[in-house]
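Read the structure below first, then the notes.
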Amino acid sequence: MIPVLHRYFIVNKPYDMHSQFTGVEGRPMLGDLGYPFPEGTHCIGRLDHNSEGLLILTTNKKITHLLFKGKKPHRRTYLLQVYREVKPETLEELKNGVVIRVKDNGIYKTAPCEAEIIEKPTNLFQSGWEYPDNIPHTWLLMTLTEGKFRQIRKMMTAVKHRCLRLIRISIENLALDTLQPGKVREIPEVEFFERVFGKE
């Protein structure tokens, strides 16, 4: 039997684009990127339409389980802009875990995470919607090892800071780097597994 050769891509998902190929007709979707993805390509770990950044697309259906449902947690790092100044004590709350609502109105305390206050990156790409710099806000860098539905936005709501801009910049060692919004980069299979799952 000839082995199936899978393909792997990363996308810098633009603001207001849906992380799917069908189902929201009339709205921007991945097919609108104009890239010749092979048949069977699907998205791993979606982002909300108003979030930006790193998406993994692949023809390998096993990746979802390996990455998001396996025993080993995987690090996902986000750059976010939130409303108002974040105090040090609020940062500690986020690091230690906060209570959010999850599916079926359940209550869940988030796992400990990494969070730090940073300056706005000087080389940050433009979004489709920009929040005025003269209104109080804070830039944060957060790394989580779990991914509940809209988790970061819910975490920020829990500590009374509305999330204004949310950008996923990496999953493990697979990063956006200089990839611009709406652009696609194909990753060779060996490199993909090394960056995401590490060398065996």
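Following the order of the structure tokens, chains are lettered A, B, ..., residues in each are numbered from 1, and ligands are numbered from 1.
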For the contact check between region 86-137 of chain A and region 179-200 of chain A, emit one row per residue of region 86-137 of chain A within 10 Å, containing the shortest atom pair and the distance in Å rounded to one decimal, counting only C-alpha atoms, chain then rising number order, as a Markdown table.
| residue | atom | partner | partner_atom | distance |
| --- | --- | --- | --- | --- |
| A:Leu124 | CA | A:Gln180 | CA | 9.6 |
| A:Phe125 | CA | A:Gln180 | CA | 6.9 |
| A:Gln126 | CA | A:Pro181 | CA | 8.3 |
| A:Ser127 | CA | A:Pro181 | CA | 8.2 |
| A:Gly128 | CA | A:Pro181 | CA | 9.7 |
Strand (DSSP E or B) call set, DSSP backbone run, chain A, as a PDB file with N, CA and C atoms, in the first residue's frame:
ATOM      1  N   TYR A   8       0.870  20.162   5.458  1.00  0.00           N
ATOM      2  CA  TYR A   8       0.695  20.981   6.655  1.00  0.00           C
ATOM      3  C   TYR A   8       0.931  22.452   6.292  1.00  0.00           C
ATOM      4  N   PHE A   9       0.055  23.310   6.798  1.00  0.00           N
ATOM      5  CA  PHE A   9       0.136  24.734   6.480  1.00  0.00           C
ATOM      6  C   PHE A   9      -0.094  25.561   7.747  1.00  0.00           C
ATOM      7  N   ILE A  10       0.472  26.748   7.770  1.00  0.00           N
ATOM      8  CA  ILE A  10       0.063  27.723   8.772  1.00  0.00           C
ATOM      9  C   ILE A  10      -0.479  28.947   8.037  1.00  0.00           C
ATOM     10  N   VAL A  11      -1.450  29.586   8.670  1.00  0.00           N
ATOM     11  CA  VAL A  11      -2.101  30.776   8.126  1.00  0.00           C
ATOM     12  C   VAL A  11      -2.076  31.853   9.198  1.00  0.00           C
ATOM     13  N   ASN A  12      -1.856  33.080   8.788  1.00  0.00           N
ATOM     14  CA  ASN A  12      -2.083  34.207   9.691  1.00  0.00           C
ATOM     15  C   ASN A  12      -3.505  34.675   9.408  1.00  0.00           C
ATOM     16  N   LYS A  13      -4.427  34.208  10.227  1.00  0.00           N
ATOM     17  CA  LYS A  13      -5.840  34.505   9.983  1.00  0.00           C
ATOM     18  C   LYS A  13      -6.121  35.990  10.214  1.00  0.00           C
ATOM     19  N   HIS A  42      -8.273  20.758   6.464  1.00  0.00           N
ATOM     20  CA  HIS A  42      -9.161  21.264   7.506  1.00  0.00           C
ATOM     21  C   HIS A  42      -8.349  22.037   8.535  1.00  0.00           C
ATOM     22  N   CYS A  43      -9.048  22.813   9.339  1.00  0.00           N
ATOM     23  CA  CYS A  43      -8.418  23.695  10.312  1.00  0.00           C
ATOM     24  C   CYS A  43      -8.300  23.001  11.666  1.00  0.00           C
ATOM     25  N   ILE A  44      -7.170  23.208  12.341  1.00  0.00           N
ATOM     26  CA  ILE A  44      -6.933  22.649  13.673  1.00  0.00           C
ATOM     27  C   ILE A  44      -6.930  23.795  14.685  1.00  0.00           C
ATOM     28  N   GLU A  52      -7.210  36.968  15.695  1.00  0.00           N
ATOM     29  CA  GLU A  52      -6.257  36.930  14.594  1.00  0.00           C
ATOM     30  C   GLU A  52      -5.153  35.918  14.883  1.00  0.00           C
ATOM     31  N   GLY A  53      -4.349  35.670  13.856  1.00  0.00           N
ATOM     32  CA  GLY A  53      -3.124  34.936  14.100  1.00  0.00           C
ATOM     33  C   GLY A  53      -3.067  33.516  13.603  1.00  0.00           C
ATOM     34  N   LEU A  54      -2.242  32.719  14.290  1.00  0.00           N
ATOM     35  CA  LEU A  54      -1.816  31.407  13.817  1.00  0.00           C
ATOM     36  C   LEU A  54      -2.945  30.381  13.780  1.00  0.00           C
ATOM     37  N   LEU A  55      -3.134  29.838  12.589  1.00  0.00           N
ATOM     38  CA  LEU A  55      -4.006  28.685  12.388  1.00  0.00           C
ATOM     39  C   LEU A  55      -3.183  27.592  11.736  1.00  0.00           C
ATOM     40  N   ILE A  56      -3.431  26.354  12.160  1.00  0.00           N
ATOM     41  CA  ILE A  56      -2.830  25.189  11.506  1.00  0.00           C
ATOM     42  C   ILE A  56      -3.891  24.566  10.606  1.00  0.00           C
ATOM     43  N   LEU A  57      -3.517  24.312   9.366  1.00  0.00           N
ATOM     44  CA  LEU A  57      -4.367  23.588   8.432  1.00  0.00           C
ATOM     45  C   LEU A  57      -3.601  22.365   7.952  1.00  0.00           C
ATOM     46  N   THR A  58      -4.303  21.258   7.802  1.00  0.00           N
ATOM     47  CA  THR A  58      -3.639  20.017   7.391  1.00  0.00           C
ATOM     48  C   THR A  58      -4.632  19.060   6.762  1.00  0.00           C
ATOM     49  N   ARG A  76       0.184  27.307  23.883  1.00  0.00           N
ATOM     50  CA  ARG A  76      -0.315  28.240  22.872  1.00  0.00           C
ATOM     51  C   ARG A  76      -0.094  29.639  23.420  1.00  0.00           C
ATOM     52  N   THR A  77       0.569  30.487  22.666  1.00  0.00           N
ATOM     53  CA  THR A  77       0.917  31.822  23.144  1.00  0.00           C
ATOM     54  C   THR A  77       0.134  32.882  22.378  1.00  0.00           C
ATOM     55  N   TYR A  78      -0.370  33.847  23.127  1.00  0.00           N
ATOM     56  CA  TYR A  78      -1.236  34.887  22.575  1.00  0.00           C
ATOM     57  C   TYR A  78      -0.729  36.270  22.959  1.00  0.00           C
ATOM     58  N   LEU A  79      -0.875  37.182  22.035  1.00  0.00           N
ATOM     59  CA  LEU A  79      -0.642  38.597  22.277  1.00  0.00           C
ATOM     60  C   LEU A  79      -2.015  39.242  22.350  1.00  0.00           C
ATOM     61  N   LEU A  80      -2.268  40.000  23.413  1.00  0.00           N
ATOM     62  CA  LEU A  80      -3.579  40.614  23.518  1.00  0.00           C
ATOM     63  C   LEU A  80      -3.519  42.035  24.047  1.00  0.00           C
ATOM     64  N   GLN A  81      -4.458  42.804  23.572  1.00  0.00           N
ATOM     65  CA  GLN A  81      -4.656  44.174  24.009  1.00  0.00           C
ATOM     66  C   GLN A  81      -5.976  44.208  24.761  1.00  0.00           C
ATOM     67  N   VAL A  82      -5.940  44.742  25.997  1.00  0.00           N
ATOM     68  CA  VAL A  82      -7.156  44.761  26.812  1.00  0.00           C
ATOM     69  C   VAL A  82      -7.460  46.184  27.270  1.00  0.00           C
ATOM     70  N   TYR A  83      -8.709  46.407  27.572  1.00  0.00           N
ATOM     71  CA  TYR A  83      -9.159  47.730  27.996  1.00  0.00           C
ATOM     72  C   TYR A  83      -8.680  48.034  29.420  1.00  0.00           C
ATOM     73  N   VAL A  99     -12.126  31.805  37.462  1.00  0.00           N
ATOM     74  CA  VAL A  99     -13.340  31.029  37.226  1.00  0.00           C
ATOM     75  C   VAL A  99     -14.078  31.599  36.014  1.00  0.00           C
ATOM     76  N   ILE A 100     -14.388  30.719  35.059  1.00  0.00           N
ATOM     77  CA  ILE A 100     -15.139  31.117  33.871  1.00  0.00           C
ATOM     78  C   ILE A 100     -16.318  30.170  33.669  1.00  0.00           C
ATOM     79  N   ARG A 101     -17.236  30.570  32.824  1.00  0.00           N
ATOM     80  CA  ARG A 101     -18.344  29.695  32.457  1.00  0.00           C
ATOM     81  C   ARG A 101     -17.986  28.937  31.185  1.00  0.00           C
ATOM     82  N   VAL A 102     -18.315  27.656  31.175  1.00  0.00           N
ATOM     83  CA  VAL A 102     -18.024  26.809  30.018  1.00  0.00           C
ATOM     84  C   VAL A 102     -19.319  26.196  29.511  1.00  0.00           C
ATOM     85  N   GLY A 106     -21.643  25.561  32.771  1.00  0.00           N
ATOM     86  CA  GLY A 106     -20.835  25.020  33.862  1.00  0.00           C
ATOM     87  C   GLY A 106     -19.807  26.026  34.351  1.00  0.00           C
ATOM     88  N   ILE A 107     -19.244  25.738  35.523  1.00  0.00           N
ATOM     89  CA  ILE A 107     -18.228  26.587  36.132  1.00  0.00           C
ATOM     90  C   ILE A 107     -16.883  25.874  36.046  1.00  0.00           C
ATOM     91  N   TYR A 108     -15.856  26.599  35.629  1.00  0.00           N
ATOM     92  CA  TYR A 108     -14.546  25.985  35.450  1.00  0.00           C
ATOM     93  C   TYR A 108     -13.467  26.966  35.897  1.00  0.00           C
ATOM     94  N   LYS A 109     -12.499  26.465  36.667  1.00  0.00           N
ATOM     95  CA  LYS A 109     -11.351  27.286  37.027  1.00  0.00           C
ATOM     96  C   LYS A 109     -10.213  26.960  36.071  1.00  0.00           C
ATOM     97  N   GLU A 114       0.981  31.366  32.037  1.00  0.00           N
ATOM     98  CA  GLU A 114       1.988  32.422  32.045  1.00  0.00           C
ATOM     99  C   GLU A 114       1.347  33.708  31.526  1.00  0.00           C
ATOM    100  N   ALA A 115       1.646  34.822  32.180  1.00  0.00           N
ATOM    101  CA  ALA A 115       1.093  36.107  31.740  1.00  0.00           C
ATOM    102  C   ALA A 115       2.054  37.213  32.146  1.00  0.00           C
ATOM    103  N   GLU A 116       2.285  38.131  31.240  1.00  0.00           N
ATOM    104  CA  GLU A 116       3.142  39.273  31.543  1.00  0.00           C
ATOM    105  C   GLU A 116       2.669  40.504  30.785  1.00  0.00           C
ATOM    106  N   ILE A 117       2.916  41.669  31.382  1.00  0.00           N
ATOM    107  CA  ILE A 117       2.608  42.935  30.738  1.00  0.00           C
ATOM    108  C   ILE A 117       3.789  43.322  29.853  1.00  0.00           C
ATOM    109  N   ILE A 118       3.502  43.726  28.629  1.00  0.00           N
ATOM    110  CA  ILE A 118       4.560  44.084  27.692  1.00  0.00           C
ATOM    111  C   ILE A 118       4.233  45.409  27.009  1.00  0.00           C
ATOM    112  N   HIS A 137      -5.255  51.290  27.867  1.00  0.00           N
ATOM    113  CA  HIS A 137      -5.241  49.870  27.524  1.00  0.00           C
ATOM    114  C   HIS A 137      -3.907  49.273  27.970  1.00  0.00           C
ATOM    115  N   THR A 138      -3.827  47.944  27.921  1.00  0.00           N
ATOM    116  CA  THR A 138      -2.617  47.216  28.293  1.00  0.00           C
ATOM    117  C   THR A 138      -2.379  46.105  27.283  1.00  0.00           C
ATOM    118  N   TRP A 139      -1.109  45.894  26.955  1.00  0.00           N
ATOM    119  CA  TRP A 139      -0.736  44.758  26.113  1.00  0.00           C
ATOM    120  C   TRP A 139      -0.204  43.637  27.007  1.00  0.00           C
ATOM    121  N   LEU A 140      -0.680  42.428  26.757  1.00  0.00           N
ATOM    122  CA  LEU A 140      -0.274  41.254  27.528  1.00  0.00           C
ATOM    123  C   LEU A 140       0.246  40.162  26.605  1.00  0.00           C
ATOM    124  N   LEU A 141       1.131  39.341  27.151  1.00  0.00           N
ATOM    125  CA  LEU A 141       1.577  38.125  26.493  1.00  0.00           C
ATOM    126  C   LEU A 141       1.172  36.970  27.403  1.00  0.00           C
ATOM    127  N   MET A 142       0.355  36.056  26.891  1.00  0.00           N
ATOM    128  CA  MET A 142      -0.152  34.952  27.709  1.00  0.00           C
ATOM    129  C   MET A 142       0.105  33.617  27.018  1.00  0.00           C
ATOM    130  N   THR A 143       0.512  32.625  27.809  1.00  0.00           N
ATOM    131  CA  THR A 143       0.719  31.274  27.297  1.00  0.00           C
ATOM    132  C   THR A 143      -0.140  30.312  28.097  1.00  0.00           C
ATOM    133  N   LEU A 144      -1.019  29.604  27.394  1.00  0.00           N
ATOM    134  CA  LEU A 144      -1.917  28.634  28.009  1.00  0.00           C
ATOM    135  C   LEU A 144      -1.572  27.228  27.539  1.00  0.00           C
ATOM    136  N   CYS A 163     -11.312  42.265  26.323  1.00  0.00           N
ATOM    137  CA  CYS A 163     -10.272  41.952  25.338  1.00  0.00           C
ATOM    138  C   CYS A 163     -10.572  42.712  24.049  1.00  0.00           C
ATOM    139  N   LEU A 164      -9.642  43.554  23.636  1.00  0.00           N
ATOM    140  CA  LEU A 164      -9.831  44.389  22.457  1.00  0.00           C
ATOM    141  C   LEU A 164      -9.236  43.770  21.198  1.00  0.00           C
ATOM    142  N   ARG A 165      -8.086  43.188  21.332  1.00  0.00           N
ATOM    143  CA  ARG A 165      -7.422  42.539  20.201  1.00  0.00           C
ATOM    144  C   ARG A 165      -6.736  41.275  20.694  1.00  0.00           C
ATOM    145  N   LEU A 166      -6.922  40.177  19.996  1.00  0.00           N
ATOM    146  CA  LEU A 166      -6.387  38.879  20.417  1.00  0.00           C
ATOM    147  C   LEU A 166      -5.713  38.208  19.227  1.00  0.00           C
ATOM    148  N   ILE A 167      -4.412  37.908  19.399  1.00  0.00           N
ATOM    149  CA  ILE A 167      -3.614  37.343  18.311  1.00  0.00           C
ATOM    150  C   ILE A 167      -2.866  36.114  18.819  1.00  0.00           C
ATOM    151  N   ARG A 168      -3.125  34.950  18.232  1.00  0.00           N
ATOM    152  CA  ARG A 168      -2.330  33.771  18.580  1.00  0.00           C
ATOM    153  C   ARG A 168      -1.048  33.830  17.767  1.00  0.00           C
ATOM    154  N   ILE A 169       0.091  33.831  18.466  1.00  0.00           N
ATOM    155  CA  ILE A 169       1.364  33.988  17.762  1.00  0.00           C
ATOM    156  C   ILE A 169       2.152  32.689  17.652  1.00  0.00           C
ATOM    157  N   SER A 170       1.822  31.677  18.491  1.00  0.00           N
ATOM    158  CA  SER A 170       2.546  30.403  18.355  1.00  0.00           C
ATOM    159  C   SER A 170       1.798  29.263  19.016  1.00  0.00           C
ATOM    160  N   ILE A 171       2.085  28.062  18.547  1.00  0.00           N
ATOM    161  CA  ILE A 171       1.686  26.809  19.186  1.00  0.00           C
ATOM    162  C   ILE A 171       2.970  26.001  19.314  1.00  0.00           C
ATOM    163  N   LEU A 174       5.977  26.348  16.778  1.00  0.00           N
ATOM    164  CA  LEU A 174       5.468  26.743  15.465  1.00  0.00           C
ATOM    165  C   LEU A 174       4.907  28.157  15.604  1.00  0.00           C
ATOM    166  N   ALA A 175       5.565  29.126  14.979  1.00  0.00           N
ATOM    167  CA  ALA A 175       5.236  30.532  15.212  1.00  0.00           C
ATOM    168  C   ALA A 175       4.927  31.262  13.908  1.00  0.00           C
ATOM    169  N   VAL A 184      -0.173  32.405   3.646  1.00  0.00           N
ATOM    170  CA  VAL A 184      -0.102  30.975   3.958  1.00  0.00           C
ATOM    171  C   VAL A 184       1.341  30.508   3.777  1.00  0.00           C
ATOM    172  N   ARG A 185       1.790  29.636   4.673  1.00  0.00           N
ATOM    173  CA  ARG A 185       3.105  29.019   4.524  1.00  0.00           C
ATOM    174  C   ARG A 185       2.961  27.506   4.689  1.00  0.00           C
ATOM    175  N   GLU A 186       3.489  26.755   3.736  1.00  0.00           N
ATOM    176  CA  GLU A 186       3.467  25.296   3.869  1.00  0.00           C
ATOM    177  C   GLU A 186       4.687  24.859   4.664  1.00  0.00           C
ATOM    178  N   ILE A 187       4.464  23.925   5.594  1.00  0.00           N
ATOM    179  CA  ILE A 187       5.524  23.420   6.465  1.00  0.00           C
ATOM    180  C   ILE A 187       5.785  21.955   6.117  1.00  0.00           C
TER     181      ILE A 187
END
Picked from chain A by DSSP as helix (DSSP H, G or I), as a PyMOL selection string: chain A and resi 30-33+63-68+88-96+103-105+151-158+189-197
Would you write out those residues with C-alpha atoms, as a short mmCIF file (atom, residue, chain, number, x, y, z; two decimals), in the first residue's frame?
data_model
loop_
_atom_site.label_atom_id
_atom_site.label_comp_id
_atom_site.auth_asym_id
_atom_site.auth_seq_id
_atom_site.Cartn_x
_atom_site.Cartn_y
_atom_site.Cartn_z
CA LEU A 30 -10.50 30.39 4.56
CA GLY A 31 -11.37 29.67 0.94
CA ASP A 32 -11.26 33.40 0.31
CA LEU A 33 -7.49 33.40 0.91
CA ILE A 63 -3.43 16.03 14.33
CA THR A 64 -6.48 17.33 16.23
CA HIS A 65 -6.31 14.42 18.65
CA LEU A 66 -2.53 14.54 19.00
CA LEU A 67 -2.44 18.29 19.60
CA PHE A 68 -5.55 19.13 21.58
CA PRO A 88 0.00 43.46 39.14
CA GLU A 89 -2.57 41.76 41.39
CA THR A 90 -4.82 41.15 38.39
CA LEU A 91 -1.92 39.60 36.54
CA GLU A 92 -1.42 37.21 39.47
CA GLU A 93 -5.09 36.23 39.33
CA LEU A 94 -4.72 35.31 35.68
CA LYS A 95 -1.55 33.32 36.35
CA ASN A 96 -3.16 31.34 39.16
CA LYS A 103 -20.36 24.57 28.01
CA ASP A 104 -23.88 24.06 29.40
CA ASN A 105 -23.37 26.98 31.82
CA GLN A 151 -11.12 31.01 27.03
CA ILE A 152 -8.86 34.07 26.97
CA ARG A 153 -11.76 36.44 26.34
CA LYS A 154 -13.67 34.85 29.23
CA MET A 155 -10.60 35.06 31.48
CA MET A 156 -10.24 38.77 30.78
CA THR A 157 -13.95 39.33 31.40
CA ALA A 158 -13.58 37.52 34.74
CA GLU A 189 6.03 17.22 7.59
CA VAL A 190 9.27 16.52 9.48
CA GLU A 191 9.67 20.18 10.44
CA PHE A 192 6.00 20.39 11.49
CA PHE A 193 6.28 17.43 13.88
CA GLU A 194 9.58 18.65 15.30
CA ARG A 195 8.23 22.13 15.98
CA VAL A 196 4.91 21.03 17.44
CA PHE A 197 5.64 17.70 19.09
#
